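Visitor: JSON, C-alpha atoms and all ligand atoms, saved as data-v2.json, coming up:
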[["chain", "number", "residue", "atom", "x", "y", "z"],
["A", 1, "MET", "CA", 18.69, 31.57, 14.29],
["A", 2, "LYS", "CA", 18.42, 35.36, 14.16],
["A", 3, "VAL", "CA", 20.98, 37.24, 16.23],
["A", 4, "TYR", "CA", 20.66, 40.93, 17.03],
["A", 5, "LEU", "CA", 24.05, 42.50, 17.74],
["A", 6, "ASN", "CA", 24.35, 45.75, 19.67],
["A", 7, "PRO", "CA", 27.85, 47.16, 20.04],
["A", 8, "GLY", "CA", 27.64, 49.42, 23.07],
["A", 9, "HIS", "CA", 27.32, 53.21, 23.12],
["A", 10, "ASP", "CA", 27.45, 55.44, 20.05],
["A", 11, "LEU", "CA", 30.25, 56.37, 17.66],
["A", 12, "ASP", "CA", 28.83, 59.91, 17.27],
["A", 13, "TYR", "CA", 27.27, 60.70, 20.63],
["A", 14, "ASP", "CA", 28.69, 58.49, 23.39],
["A", 15, "PRO", "CA", 32.20, 56.96, 23.42],
["A", 16, "GLY", "CA", 31.45, 54.93, 26.57],
["A", 17, "ALA", "CA", 34.43, 54.27, 28.84],
["A", 18, "VAL", "CA", 37.78, 55.70, 27.78],
["A", 19, "ASN", "CA", 41.26, 54.53, 28.76],
["A", 20, "PRO", "CA", 42.83, 57.58, 30.52],
["A", 21, "ILE", "CA", 46.35, 56.78, 29.26],
["A", 22, "ASN", "CA", 45.99, 55.90, 25.59],
["A", 23, "GLY", "CA", 42.51, 57.29, 24.87],
["A", 24, "LEU", "CA", 41.14, 53.94, 23.69],
["A", 25, "LYS", "CA", 37.34, 54.28, 23.41],
["A", 26, "GLU", "CA", 34.82, 51.60, 24.32],
["A", 27, "ALA", "CA", 32.49, 52.49, 21.43],
["A", 28, "ASN", "CA", 35.28, 51.94, 18.88],
["A", 29, "ILE", "CA", 36.34, 48.58, 20.32],
["A", 30, "ALA", "CA", 32.72, 47.42, 20.56],
["A", 31, "SER", "CA", 32.14, 48.44, 16.94],
["A", 32, "LYS", "CA", 35.18, 46.50, 15.71],
["A", 33, "ILE", "CA", 34.26, 43.39, 17.69],
["A", 34, "GLY", "CA", 30.62, 43.61, 16.56],
["A", 35, "LYS", "CA", 31.51, 43.77, 12.85],
["A", 36, "LEU", "CA", 33.78, 40.73, 13.20],
["A", 37, "VAL", "CA", 31.17, 38.76, 15.17],
["A", 38, "GLU", "CA", 28.66, 39.51, 12.43],
["A", 39, "LYS", "CA", 31.11, 38.28, 9.78],
["A", 40, "TYR", "CA", 31.76, 34.99, 11.61],
["A", 41, "LEU", "CA", 28.07, 34.35, 12.31],
["A", 42, "ASN", "CA", 27.08, 35.07, 8.70],
["A", 43, "ALA", "CA", 29.83, 32.70, 7.53],
["A", 44, "VAL", "CA", 28.09, 29.82, 9.29],
["A", 45, "GLY", "CA", 24.63, 30.80, 8.04],
["A", 46, "ILE", "CA", 23.37, 32.69, 11.08],
["A", 47, "GLU", "CA", 21.24, 35.72, 10.23],
["A", 48, "THR", "CA", 22.20, 38.97, 11.96],
["A", 49, "LYS", "CA", 21.06, 42.53, 12.40],
["A", 50, "MET", "CA", 23.34, 45.04, 14.06],
["A", 51, "ARG", "CA", 22.90, 48.55, 15.42],
["A", 52, "GLN", "CA", 25.13, 50.70, 17.61],
["A", 53, "SER", "CA", 23.20, 53.65, 19.02],
["A", 54, "ASP", "CA", 22.57, 55.45, 22.26],
["A", 55, "ASN", "CA", 18.88, 55.38, 21.35],
["A", 56, "LEU", "CA", 18.05, 52.16, 23.18],
["A", 57, "TYR", "CA", 14.31, 52.27, 23.74],
["A", 58, "TYR", "CA", 11.40, 54.41, 22.63],
["A", 59, "ASP", "CA", 11.34, 56.29, 25.92],
["A", 60, "SER", "CA", 15.10, 56.92, 25.95],
["A", 61, "GLY", "CA", 14.86, 60.62, 25.14],
["A", 62, "TYR", "CA", 16.69, 60.19, 21.81],
["A", 63, "ALA", "CA", 13.59, 59.77, 19.69],
["A", 64, "ASP", "CA", 15.14, 62.08, 17.06],
["A", 65, "ARG", "CA", 17.51, 59.26, 16.19],
["A", 66, "LYS", "CA", 14.52, 57.37, 14.82],
["A", 67, "ILE", "CA", 15.35, 53.70, 15.35],
["A", 68, "ALA", "CA", 15.70, 52.44, 18.91],
["A", 69, "VAL", "CA", 17.87, 49.38, 19.43],
["A", 70, "VAL", "CA", 15.57, 47.31, 21.66],
["A", 71, "GLN", "CA", 12.47, 48.17, 19.63],
["A", 72, "GLU", "CA", 14.19, 47.08, 16.45],
["A", 73, "ALA", "CA", 15.31, 43.77, 17.99],
["A", 74, "ASN", "CA", 11.81, 43.07, 19.30],
["A", 75, "ASP", "CA", 10.13, 44.03, 16.00],
["A", 76, "TRP", "CA", 12.56, 41.81, 14.07],
["A", 77, "ASN", "CA", 11.75, 38.87, 16.39],
["A", 78, "ALA", "CA", 15.40, 38.19, 17.07],
["A", 79, "ASP", "CA", 16.08, 34.82, 18.73],
["A", 80, "ILE", "CA", 18.81, 36.31, 20.89],
["A", 81, "PHE", "CA", 20.10, 39.80, 21.71],
["A", 82, "VAL", "CA", 23.82, 40.34, 22.28],
["A", 83, "SER", "CA", 25.20, 43.66, 23.53],
["A", 84, "ILE", "CA", 28.98, 44.14, 23.37],
["A", 85, "HIS", "CA", 30.75, 46.40, 25.88],
["A", 86, "CYS", "CA", 34.02, 47.01, 27.71],
["A", 87, "ASN", "CA", 34.05, 47.35, 31.47],
["A", 88, "ALA", "CA", 35.74, 50.11, 33.53],
["A", 89, "SER", "CA", 36.38, 50.38, 37.25],
["A", 90, "GLY", "CA", 37.76, 53.90, 37.49],
["A", 91, "THR", "CA", 40.80, 52.65, 39.41],
["A", 92, "GLY", "CA", 42.49, 50.77, 36.55],
["A", 93, "ARG", "CA", 42.99, 47.78, 38.83],
["A", 94, "ALA", "CA", 39.97, 45.56, 38.07],
["A", 95, "ARG", "CA", 40.38, 43.07, 35.24],
["A", 96, "GLY", "CA", 38.45, 40.30, 33.57],
["A", 97, "THR", "CA", 35.37, 39.23, 31.68],
["A", 98, "GLU", "CA", 31.76, 39.06, 32.84],
["A", 99, "GLN", "CA", 28.30, 38.57, 31.38],
["A", 100, "GLU", "CA", 25.27, 40.50, 32.51],
["A", 101, "ILE", "CA", 21.72, 39.12, 32.24],
["A", 102, "TYR", "CA", 18.26, 40.12, 33.46],
["A", 103, "SER", "CA", 17.85, 37.11, 35.76],
["A", 104, "PHE", "CA", 19.21, 33.64, 36.39],
["A", 105, "GLY", "CA", 17.50, 30.44, 35.39],
["A", 106, "GLY", "CA", 16.61, 30.80, 31.73],
["A", 107, "ASP", "CA", 18.10, 30.80, 28.24],
["A", 108, "SER", "CA", 19.83, 34.13, 28.88],
["A", 109, "GLU", "CA", 21.94, 32.43, 31.53],
["A", 110, "LEU", "CA", 22.72, 29.54, 29.18],
["A", 111, "LEU", "CA", 23.76, 31.98, 26.44],
["A", 112, "ALA", "CA", 25.86, 33.98, 28.92],
["A", 113, "ASN", "CA", 27.64, 30.85, 30.15],
["A", 114, "CYS", "CA", 28.43, 29.77, 26.58],
["A", 115, "ILE", "CA", 29.95, 33.15, 25.71],
["A", 116, "GLN", "CA", 31.74, 33.53, 29.05],
["A", 117, "SER", "CA", 33.52, 30.19, 28.83],
["A", 118, "GLN", "CA", 34.65, 30.80, 25.24],
["A", 119, "ILE", "CA", 36.11, 34.24, 26.02],
["A", 120, "VAL", "CA", 37.79, 33.20, 29.26],
["A", 121, "SER", "CA", 39.31, 30.06, 27.78],
["A", 122, "SER", "CA", 40.59, 31.64, 24.57],
["A", 123, "LEU", "CA", 41.73, 35.04, 25.90],
["A", 124, "ASN", "CA", 42.74, 33.80, 29.35],
["A", 125, "THR", "CA", 40.99, 36.74, 31.02],
["A", 126, "ILE", "CA", 39.93, 36.61, 34.66],
["A", 127, "ASP", "CA", 36.56, 34.89, 35.03],
["A", 128, "ARG", "CA", 34.20, 37.30, 36.80],
["A", 129, "GLY", "CA", 31.21, 35.10, 36.01],
["A", 130, "VAL", "CA", 27.60, 35.82, 35.06],
["A", 131, "LYS", "CA", 25.76, 38.51, 37.02],
["A", 132, "GLU", "CA", 22.18, 39.77, 37.28],
["A", 133, "TYR", "CA", 21.57, 43.36, 36.15],
["A", 134, "PRO", "CA", 17.78, 43.65, 35.92],
["A", 135, "GLY", "CA", 17.89, 47.44, 35.58],
["A", 136, "LEU", "CA", 19.73, 47.58, 32.25],
["A", 137, "ILE", "CA", 17.44, 48.76, 29.44],
["A", 138, "VAL", "CA", 18.73, 46.27, 26.86],
["A", 139, "LEU", "CA", 18.13, 43.38, 29.28],
["A", 140, "LYS", "CA", 14.86, 44.64, 30.76],
["A", 141, "HIS", "CA", 12.92, 45.49, 27.60],
["A", 142, "THR", "CA", 14.12, 42.83, 25.16],
["A", 143, "SER", "CA", 11.57, 40.09, 24.51],
["A", 144, "MET", "CA", 14.16, 37.36, 23.78],
["A", 145, "PRO", "CA", 17.12, 35.89, 25.69],
["A", 146, "ALA", "CA", 19.60, 38.74, 26.07],
["A", 147, "VAL", "CA", 23.13, 39.16, 27.34],
["A", 148, "LEU", "CA", 25.39, 42.16, 27.83],
["A", 149, "ILE", "CA", 29.02, 41.11, 27.38],
["A", 150, "GLU", "CA", 31.64, 42.98, 29.39],
["A", 151, "THR", "CA", 34.58, 41.76, 27.30],
["A", 152, "ALA", "CA", 37.36, 43.18, 29.52],
["A", 153, "PHE", "CA", 38.32, 46.37, 31.38],
["A", 154, "ILE", "CA", 39.30, 49.18, 29.04],
["A", 155, "ASP", "CA", 40.88, 51.18, 31.88],
["A", 156, "ASN", "CA", 43.18, 48.34, 32.96],
["A", 157, "SER", "CA", 46.44, 48.27, 31.01],
["A", 158, "GLU", "CA", 46.64, 44.49, 30.50],
["A", 159, "ASP", "CA", 42.99, 44.14, 29.52],
["A", 160, "ALA", "CA", 43.19, 47.20, 27.26],
["A", 161, "TYR", "CA", 46.17, 45.64, 25.49],
["A", 162, "LEU", "CA", 44.02, 42.58, 24.75],
["A", 163, "LEU", "CA", 41.04, 44.64, 23.60],
["A", 164, "GLU", "CA", 43.23, 46.56, 21.17],
["A", 165, "ASN", "CA", 45.42, 43.71, 19.93],
["A", 166, "ALA", "CA", 43.26, 40.61, 20.29],
["A", 167, "THR", "CA", 40.03, 42.14, 18.96],
["A", 168, "ASP", "CA", 39.59, 39.31, 16.50],
["A", 169, "GLU", "CA", 40.00, 36.66, 19.22],
["A", 170, "PHE", "CA", 37.23, 38.31, 21.27],
["A", 171, "ALA", "CA", 34.98, 38.27, 18.20],
["A", 172, "ARG", "CA", 35.73, 34.64, 17.38],
["A", 173, "ALA", "CA", 35.09, 33.63, 21.00],
["A", 174, "ILE", "CA", 31.74, 35.45, 21.07],
["A", 175, "ALA", "CA", 30.70, 33.84, 17.77],
["A", 176, "ARG", "CA", 31.69, 30.40, 19.09],
["A", 177, "GLY", "CA", 29.74, 31.06, 22.30],
["A", 178, "ILE", "CA", 26.65, 31.87, 20.21],
["A", 179, "THR", "CA", 27.01, 28.70, 18.11],
["A", 180, "ASP", "CA", 27.56, 26.66, 21.32],
["A", 181, "TYR", "CA", 24.27, 28.09, 22.61],
["A", 182, "GLN", "CA", 22.55, 27.21, 19.34],
["A", 183, "CYS", "CA", 23.68, 23.58, 19.75],
["A", 184, "GLU", "CA", 22.45, 23.55, 23.37],
["A", 185, "ILE", "CA", 18.92, 24.72, 22.58],
["A", 186, "LEU", "CA", 18.31, 22.61, 19.43],
["B", 1, "ZN", "ZN", 29.49, 50.09, 28.02]]
Could you show the structure in this file as structure tokens?
Ligand SMILES: [Zn+2]
Guide:
Amino acid sequence: MKVYLNPGHDLDYDPGAVNPINGLKEANIASKIGKLVEKYLNAVGIETKMRQSDNLYYDSGYADRKIAVVQEANDWNADIFVSIHCNASGTGRARGTEQEIYSFGGDSELLANCIQSQIVSSLNTIDRGVKEYPGLIVLKHTSMPAVLIETAFIDNSEDAYLLENATDEFARAIARGITDYQCEIL
């Protein structure tokens, strides 16, 4: 199985959501989790390609950054596409984990359920479920099952603590969710 990993946002151009108290940046957390997920998947023989960039699609307006994430995943014929993000509510009160997919009823939903249950059971985060977000570029233009993981809320103090201190557990849970999916579809 070929897994395309896309840590959200961009280390140079777009930090994503930022915790207003400690300055924790979504792009940095996503990068750390992504590298660990890649390590765990490679360790069990799963092929990966990973890119973190705000250049998502050829019409994104960032054509100067040459390689667009979704185009690369499609050209590589990835079996699944996994985008890694942190959520933010703006109030600091919302907490928990959710998965975002293009639409219910297919392998994207199966993949999302596998990842969701691994994260929620191992990190004990609030289960916000799987939701449809058909407008998201990485879900709309990918030609394979795709999920956008909202690991936890970076602007909530308890969730932010987990993101900073249990980074490895998030990565292990995501990797296990992907291998659970692989078992389901074989
Ligand atoms: Zn994000």
Visitor: Could the residues that lie within 8 Å of ligand ZN 1 (chain B), counting all atoms listed in the file, be listed as an MDAnalysis selection string?
Guide: chainID A and resid 8:9 16:17 26:27 84:87 150
Visitor: Counting only C-alpha atoms, figure out which residue out of A:Leu56, A:Ala43, A:Ala73, A:Ala175 gets nearest to Leu136 in chain A.
Guide: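 Going through A:Leu56, A:Ala43, A:Ala73, A:Ala175 one by one, the smallest distance to Leu136 in chain A is for A:Leu56.
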Visitor: Please identify all polymer residues within 9 Å of range 121-129 of chain A, counting all atoms listed in the file, omitting same-chain residues fewer than 6 positions from it, and present them as a list in words.
Guide: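 Listed by chain and then number, they are Arg95, Gly96, Thr97, Glu98, Gln99, Glu100, Ala112, Asn113, Thr151, Ala152, Asp159, Leu162, Ala166, Glu169, Phe170 and Ala173 of chain A.
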Visitor: So which one's closest to Gly23 in chain A, A:Ser157, A:Asn55, A:Ser108, A:Ser89? Using only C-alpha atoms, please.
Guide: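 That would be A:Ser157, the residue with the smallest distance to Gly23 in chain A.
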Visitor: Between CA of Tyr58 in chain A and CA of Ala30 in chain A, measure the distance and give it in Å to one decimal.
Guide: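 It comes out at 22.5 Å.
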